[in-house]
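Undergrad: Sharing a structure below in structure tokens format, with a few things to ask.
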Amino acid sequence: MAARMKTTMYLDPDLVRAAQARAVTEGRRDYEIVEDALRTYLTPLDREASRAALRAMLDRLATRNEPLSDDEAMALANEELHAMRAERRQR
């Protein structure tokens with residue numbers, strides 16, 4: 001396991017809730033979800049497709065006038081989980 005560095009980031013509250021919901025769904029820690037998202041975004045393979053997918057998700061969240069409810073955050077987390085699993089199966 002690589003050493004981790006403690007850091008502070010300012011994130012959109014909807015993204016934090018979505019990451020937390022996904023972590024609960026997958027039985028993982030919040031930071032693992034954030035690390036995976038960053039790795040996906042920064043990995044050279046399919047970088048443009050990954051960036052486009054992440055940008056689309058962020059754009060959808062940015063256009064909201066109100067924060068996600070717990071149910072909406074869970075639904076978003078499940079949607080992303082299923083999309084990720086489908087993408088992995090295709091590889």
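So you can find residues: chains in the structure tokens are A, B, ... in the order shown, residues in each start at 1, and ligands are numbered from 1 in order.
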Just the residues within 12 Å of Arg4 of chain A, please, counting only C-alpha atoms, with nothing from its chain fewer than 4 positions along; format it as JSON, numbers by chain.
TA: {"A": [31, 32, 35]}
Undergrad: Selected residues, all heavy atoms, written as an mmCIF file, in the first residue's frame, please.
TA:
data_model
loop_
_atom_site.group_PDB
_atom_site.id
_atom_site.type_symbol
_atom_site.label_atom_id
_atom_site.label_comp_id
_atom_site.auth_asym_id
_atom_site.auth_seq_id
_atom_site.Cartn_x
_atom_site.Cartn_y
_atom_site.Cartn_z
ATOM 1 N N TYR A 31 -12.313 8.269 1.141
ATOM 2 C CA TYR A 31 -11.087 8.631 0.432
ATOM 3 C C TYR A 31 -10.772 7.651 -0.689
ATOM 4 O O TYR A 31 -10.171 8.035 -1.698
ATOM 5 C CB TYR A 31 -9.899 8.773 1.395
ATOM 6 C CG TYR A 31 -9.354 7.475 1.940
ATOM 7 C CD1 TYR A 31 -8.426 6.733 1.209
ATOM 8 C CD2 TYR A 31 -9.750 6.991 3.174
ATOM 9 C CE1 TYR A 31 -7.923 5.548 1.712
ATOM 10 C CE2 TYR A 31 -9.249 5.821 3.680
ATOM 11 C CZ TYR A 31 -8.335 5.087 2.940
ATOM 12 O OH TYR A 31 -7.842 3.912 3.425
ATOM 13 N N GLU A 32 -11.195 6.387 -0.552
ATOM 14 C CA GLU A 32 -10.949 5.417 -1.619
ATOM 15 C C GLU A 32 -11.746 5.772 -2.875
ATOM 16 O O GLU A 32 -11.255 5.612 -3.994
ATOM 17 C CB GLU A 32 -11.304 4.009 -1.147
ATOM 18 C CG GLU A 32 -10.394 3.494 -0.059
ATOM 19 C CD GLU A 32 -10.859 2.181 0.529
ATOM 20 O OE1 GLU A 32 -12.046 2.082 0.927
ATOM 21 O OE2 GLU A 32 -10.030 1.253 0.572
ATOM 22 N N GLU A 35 -9.964 8.771 -4.414
ATOM 23 C CA GLU A 35 -8.734 8.316 -5.075
ATOM 24 C C GLU A 35 -9.045 7.637 -6.408
ATOM 25 O O GLU A 35 -8.382 7.897 -7.408
ATOM 26 C CB GLU A 35 -7.972 7.330 -4.182
ATOM 27 C CG GLU A 35 -7.188 7.983 -3.081
ATOM 28 C CD GLU A 35 -6.422 6.962 -2.245
ATOM 29 O OE1 GLU A 35 -6.618 5.736 -2.403
ATOM 30 O OE2 GLU A 35 -5.609 7.407 -1.411
#
Undergrad: Might you pull out every residue within 12 Å of Ala37 of chain A, with only C-alpha atoms counted and same-chain residues fewer than 3 positions away left off, and present them as a PDB file with C-alpha atoms, in the first residue's frame?
TA:
ATOM      1  CA  LEU A  15     -20.087  15.592  -4.637  1.00  0.00           C
ATOM      2  CA  ALA A  18     -22.423  11.292  -3.579  1.00  0.00           C
ATOM      3  CA  ALA A  19     -18.942   9.979  -2.717  1.00  0.00           C
ATOM      4  CA  ARG A  22     -21.043   5.359  -3.016  1.00  0.00           C
ATOM      5  CA  ALA A  23     -18.564   4.444  -0.286  1.00  0.00           C
ATOM      6  CA  ASP A  30     -14.716   7.988   1.315  1.00  0.00           C
ATOM      7  CA  TYR A  31     -11.087   8.631   0.432  1.00  0.00           C
ATOM      8  CA  GLU A  32     -10.949   5.417  -1.619  1.00  0.00           C
ATOM      9  CA  ILE A  33     -13.794   6.674  -3.807  1.00  0.00           C
ATOM     10  CA  VAL A  34     -12.055  10.037  -4.290  1.00  0.00           C
ATOM     11  CA  THR A  40      -9.655   7.442 -13.482  1.00  0.00           C
ATOM     12  CA  TYR A  41      -9.526  11.107 -14.408  1.00  0.00           C
ATOM     13  CA  LEU A  42      -5.736  11.230 -14.518  1.00  0.00           C
ATOM     14  CA  THR A  43      -4.990   7.826 -16.112  1.00  0.00           C
ATOM     15  CA  ARG A  47      -8.314   9.867 -20.475  1.00  0.00           C
ATOM     16  CA  SER A  50     -13.019   9.546 -18.502  1.00  0.00           C
ATOM     17  CA  ARG A  51     -12.704  13.310 -18.374  1.00  0.00           C
ATOM     18  CA  ALA A  53     -17.818  11.413 -18.258  1.00  0.00           C
ATOM     19  CA  LEU A  54     -16.604  13.152 -15.108  1.00  0.00           C
ATOM     20  CA  ARG A  55     -17.209  16.595 -16.616  1.00  0.00           C
ATOM     21  CA  MET A  57     -21.486  14.382 -14.079  1.00  0.00           C
ATOM     22  CA  GLU A  80     -22.239   5.569 -11.154  1.00  0.00           C
ATOM     23  CA  LEU A  81     -21.444   2.187  -9.581  1.00  0.00           C
ATOM     24  CA  MET A  84     -18.314   1.691 -13.586  1.00  0.00           C
TER      25      MET A  84
END
Undergrad: What does the distance from atom CA of Ala73 of chain A to atom CA of Ala49 of chain A come to in Å, to one decimal?
TA: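 So the answer is 23.2 Å.
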Undergrad: So that I can check the surroundings of segment 12-14 of chain A, please list as a list in words every protein, DNA and RNA residue that reaches within 10 Å of it, counting only C-alpha atoms and ignoring chain neighbours fewer than 4 positions away.
TA: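 Using only C-alpha atoms, the neighbours found are Ala18, Ala19, Gln20, Leu58, Leu61, Ala62, Arg64, Glu66, Pro67, Leu68, Ser69, Asp70, Glu72 and Ala73 of chain A.
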Undergrad: Include all heavy atoms and write out the residues we just selected as an mmCIF file, in the first residue's frame.
TA:
data_model
loop_
_atom_site.group_PDB
_atom_site.id
_atom_site.type_symbol
_atom_site.label_atom_id
_atom_site.label_comp_id
_atom_site.auth_asym_id
_atom_site.auth_seq_id
_atom_site.Cartn_x
_atom_site.Cartn_y
_atom_site.Cartn_z
ATOM 1 N N ALA A 18 -22.401 12.378 -2.596
ATOM 2 C CA ALA A 18 -22.423 11.292 -3.579
ATOM 3 C C ALA A 18 -21.271 10.321 -3.336
ATOM 4 O O ALA A 18 -21.445 9.100 -3.411
ATOM 5 C CB ALA A 18 -22.361 11.858 -4.999
ATOM 6 N N ALA A 19 -20.094 10.843 -3.019
ATOM 7 C CA ALA A 19 -18.942 9.979 -2.717
ATOM 8 C C ALA A 19 -19.202 9.177 -1.451
ATOM 9 O O ALA A 19 -18.890 7.980 -1.381
ATOM 10 C CB ALA A 19 -17.668 10.816 -2.572
ATOM 11 N N GLN A 20 -19.780 9.797 -0.447
ATOM 12 C CA GLN A 20 -20.090 9.091 0.796
ATOM 13 C C GLN A 20 -21.115 7.987 0.553
ATOM 14 O O GLN A 20 -20.970 6.873 1.061
ATOM 15 C CB GLN A 20 -20.609 10.072 1.850
ATOM 16 C CG GLN A 20 -19.542 11.003 2.367
ATOM 17 C CD GLN A 20 -20.106 12.149 3.203
ATOM 18 O OE1 GLN A 20 -21.261 12.546 3.053
ATOM 19 N NE2 GLN A 20 -19.269 12.677 4.090
ATOM 20 N N LEU A 58 -20.231 16.324 -13.297
ATOM 21 C CA LEU A 58 -20.057 17.575 -12.556
ATOM 22 C C LEU A 58 -20.972 18.666 -13.104
ATOM 23 O O LEU A 58 -21.535 19.450 -12.337
ATOM 24 C CB LEU A 58 -18.598 18.022 -12.610
ATOM 25 C CG LEU A 58 -17.599 17.125 -11.882
ATOM 26 C CD1 LEU A 58 -16.178 17.593 -12.155
ATOM 27 C CD2 LEU A 58 -17.882 17.077 -10.401
ATOM 28 N N LEU A 61 -24.466 18.143 -11.825
ATOM 29 C CA LEU A 61 -24.592 18.572 -10.431
ATOM 30 C C LEU A 61 -24.543 20.086 -10.304
ATOM 31 O O LEU A 61 -25.242 20.666 -9.476
ATOM 32 C CB LEU A 61 -23.488 17.943 -9.582
ATOM 33 C CG LEU A 61 -23.628 16.453 -9.338
ATOM 34 C CD1 LEU A 61 -22.372 15.916 -8.662
ATOM 35 C CD2 LEU A 61 -24.859 16.132 -8.520
ATOM 36 N N ALA A 62 -23.734 20.731 -11.126
ATOM 37 C CA ALA A 62 -23.578 22.185 -11.041
ATOM 38 C C ALA A 62 -24.838 22.935 -11.455
ATOM 39 O O ALA A 62 -25.057 24.062 -11.017
ATOM 40 C CB ALA A 62 -22.401 22.637 -11.893
ATOM 41 N N ARG A 64 -27.844 22.160 -10.709
ATOM 42 C CA ARG A 64 -28.900 22.024 -9.695
ATOM 43 C C ARG A 64 -29.006 23.307 -8.880
ATOM 44 O O ARG A 64 -28.015 23.927 -8.551
ATOM 45 C CB ARG A 64 -28.600 20.850 -8.778
ATOM 46 C CG ARG A 64 -28.595 19.510 -9.479
ATOM 47 C CD ARG A 64 -28.346 18.406 -8.485
ATOM 48 N NE ARG A 64 -29.348 18.383 -7.438
ATOM 49 C CZ ARG A 64 -30.524 17.767 -7.531
ATOM 50 N NH1 ARG A 64 -30.830 17.135 -8.631
ATOM 51 N NH2 ARG A 64 -31.374 17.779 -6.525
ATOM 52 N N GLU A 66 -30.568 23.246 -5.910
ATOM 53 C CA GLU A 66 -30.640 22.827 -4.514
ATOM 54 C C GLU A 66 -29.790 21.581 -4.329
ATOM 55 O O GLU A 66 -29.509 20.869 -5.280
ATOM 56 C CB GLU A 66 -32.090 22.560 -4.123
ATOM 57 C CG GLU A 66 -32.762 21.558 -5.032
ATOM 58 C CD GLU A 66 -34.270 21.563 -4.873
ATOM 59 O OE1 GLU A 66 -34.875 22.627 -4.964
ATOM 60 O OE2 GLU A 66 -34.807 20.466 -4.669
ATOM 61 N N PRO A 67 -29.359 21.319 -3.107
ATOM 62 C CA PRO A 67 -28.523 20.147 -2.864
ATOM 63 C C PRO A 67 -29.288 18.840 -3.090
ATOM 64 O O PRO A 67 -30.518 18.816 -3.049
ATOM 65 C CB PRO A 67 -28.115 20.273 -1.399
ATOM 66 C CG PRO A 67 -28.818 21.445 -0.847
ATOM 67 C CD PRO A 67 -29.589 22.109 -1.930
ATOM 68 N N LEU A 68 -28.543 17.784 -3.323
ATOM 69 C CA LEU A 68 -29.154 16.465 -3.469
ATOM 70 C C LEU A 68 -29.744 16.017 -2.133
ATOM 71 O O LEU A 68 -29.143 16.229 -1.081
ATOM 72 C CB LEU A 68 -28.101 15.431 -3.878
ATOM 73 C CG LEU A 68 -27.509 15.527 -5.273
ATOM 74 C CD1 LEU A 68 -26.386 14.515 -5.411
ATOM 75 C CD2 LEU A 68 -28.556 15.297 -6.320
ATOM 76 N N SER A 69 -30.872 15.363 -2.208
ATOM 77 C CA SER A 69 -31.404 14.715 -1.004
ATOM 78 C C SER A 69 -30.600 13.434 -0.790
ATOM 79 O O SER A 69 -29.841 13.005 -1.663
ATOM 80 C CB SER A 69 -32.888 14.367 -1.197
ATOM 81 O OG SER A 69 -33.014 13.326 -2.160
ATOM 82 N N ASP A 70 -30.762 12.825 0.356
ATOM 83 C CA ASP A 70 -30.067 11.561 0.613
ATOM 84 C C ASP A 70 -30.449 10.510 -0.419
ATOM 85 O O ASP A 70 -29.591 9.761 -0.908
ATOM 86 C CB ASP A 70 -30.367 11.052 2.021
ATOM 87 C CG ASP A 70 -29.715 11.896 3.098
ATOM 88 O OD1 ASP A 70 -28.786 12.676 2.774
ATOM 89 O OD2 ASP A 70 -30.125 11.784 4.260
ATOM 90 N N GLU A 72 -31.511 11.030 -3.519
ATOM 91 C CA GLU A 72 -30.914 11.387 -4.803
ATOM 92 C C GLU A 72 -29.422 11.074 -4.827
ATOM 93 O O GLU A 72 -28.902 10.586 -5.829
ATOM 94 C CB GLU A 72 -31.137 12.871 -5.101
ATOM 95 C CG GLU A 72 -32.571 13.226 -5.414
ATOM 96 C CD GLU A 72 -32.792 14.730 -5.482
ATOM 97 O OE1 GLU A 72 -32.247 15.459 -4.639
ATOM 98 O OE2 GLU A 72 -33.519 15.155 -6.401
ATOM 99 N N ALA A 73 -28.742 11.345 -3.725
ATOM 100 C CA ALA A 73 -27.309 11.037 -3.643
ATOM 101 C C ALA A 73 -27.084 9.539 -3.759
ATOM 102 O O ALA A 73 -26.167 9.092 -4.456
ATOM 103 C CB ALA A 73 -26.720 11.567 -2.333
#
Undergrad: Rounded to one decimal, what separation in Å do you get between atom CA of Gly27 of chain A and atom CA of Ala3 of chain A?
TA: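 Atom CA of Ala3 of chain A lies 21.3 Å from atom CA of Gly27 of chain A.
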Undergrad: Quick one: of A:Arg39, A:Arg89, A:Lys6, A:Arg60, who's nearest to Leu76 of chain A, counting only C-alpha atoms?
TA: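 Among A:Arg39, A:Arg89, A:Lys6, A:Arg60, it is A:Arg60 that comes nearest to Leu76 of chain A.
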Undergrad: What is the atom CA of Glu48 of chain A-atom CA of Ala86 of chain A distance in Å, reported with one decimal?
TA: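 Distance between the two atoms: 18.0 Å.
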Undergrad: Using backbone DSSP assignments, extract all helix (DSSP H, G or I) residues from chain A; output them as a PyMOL selection string.
TA: chain A and resi 13-26+30-42+47-62+70-90
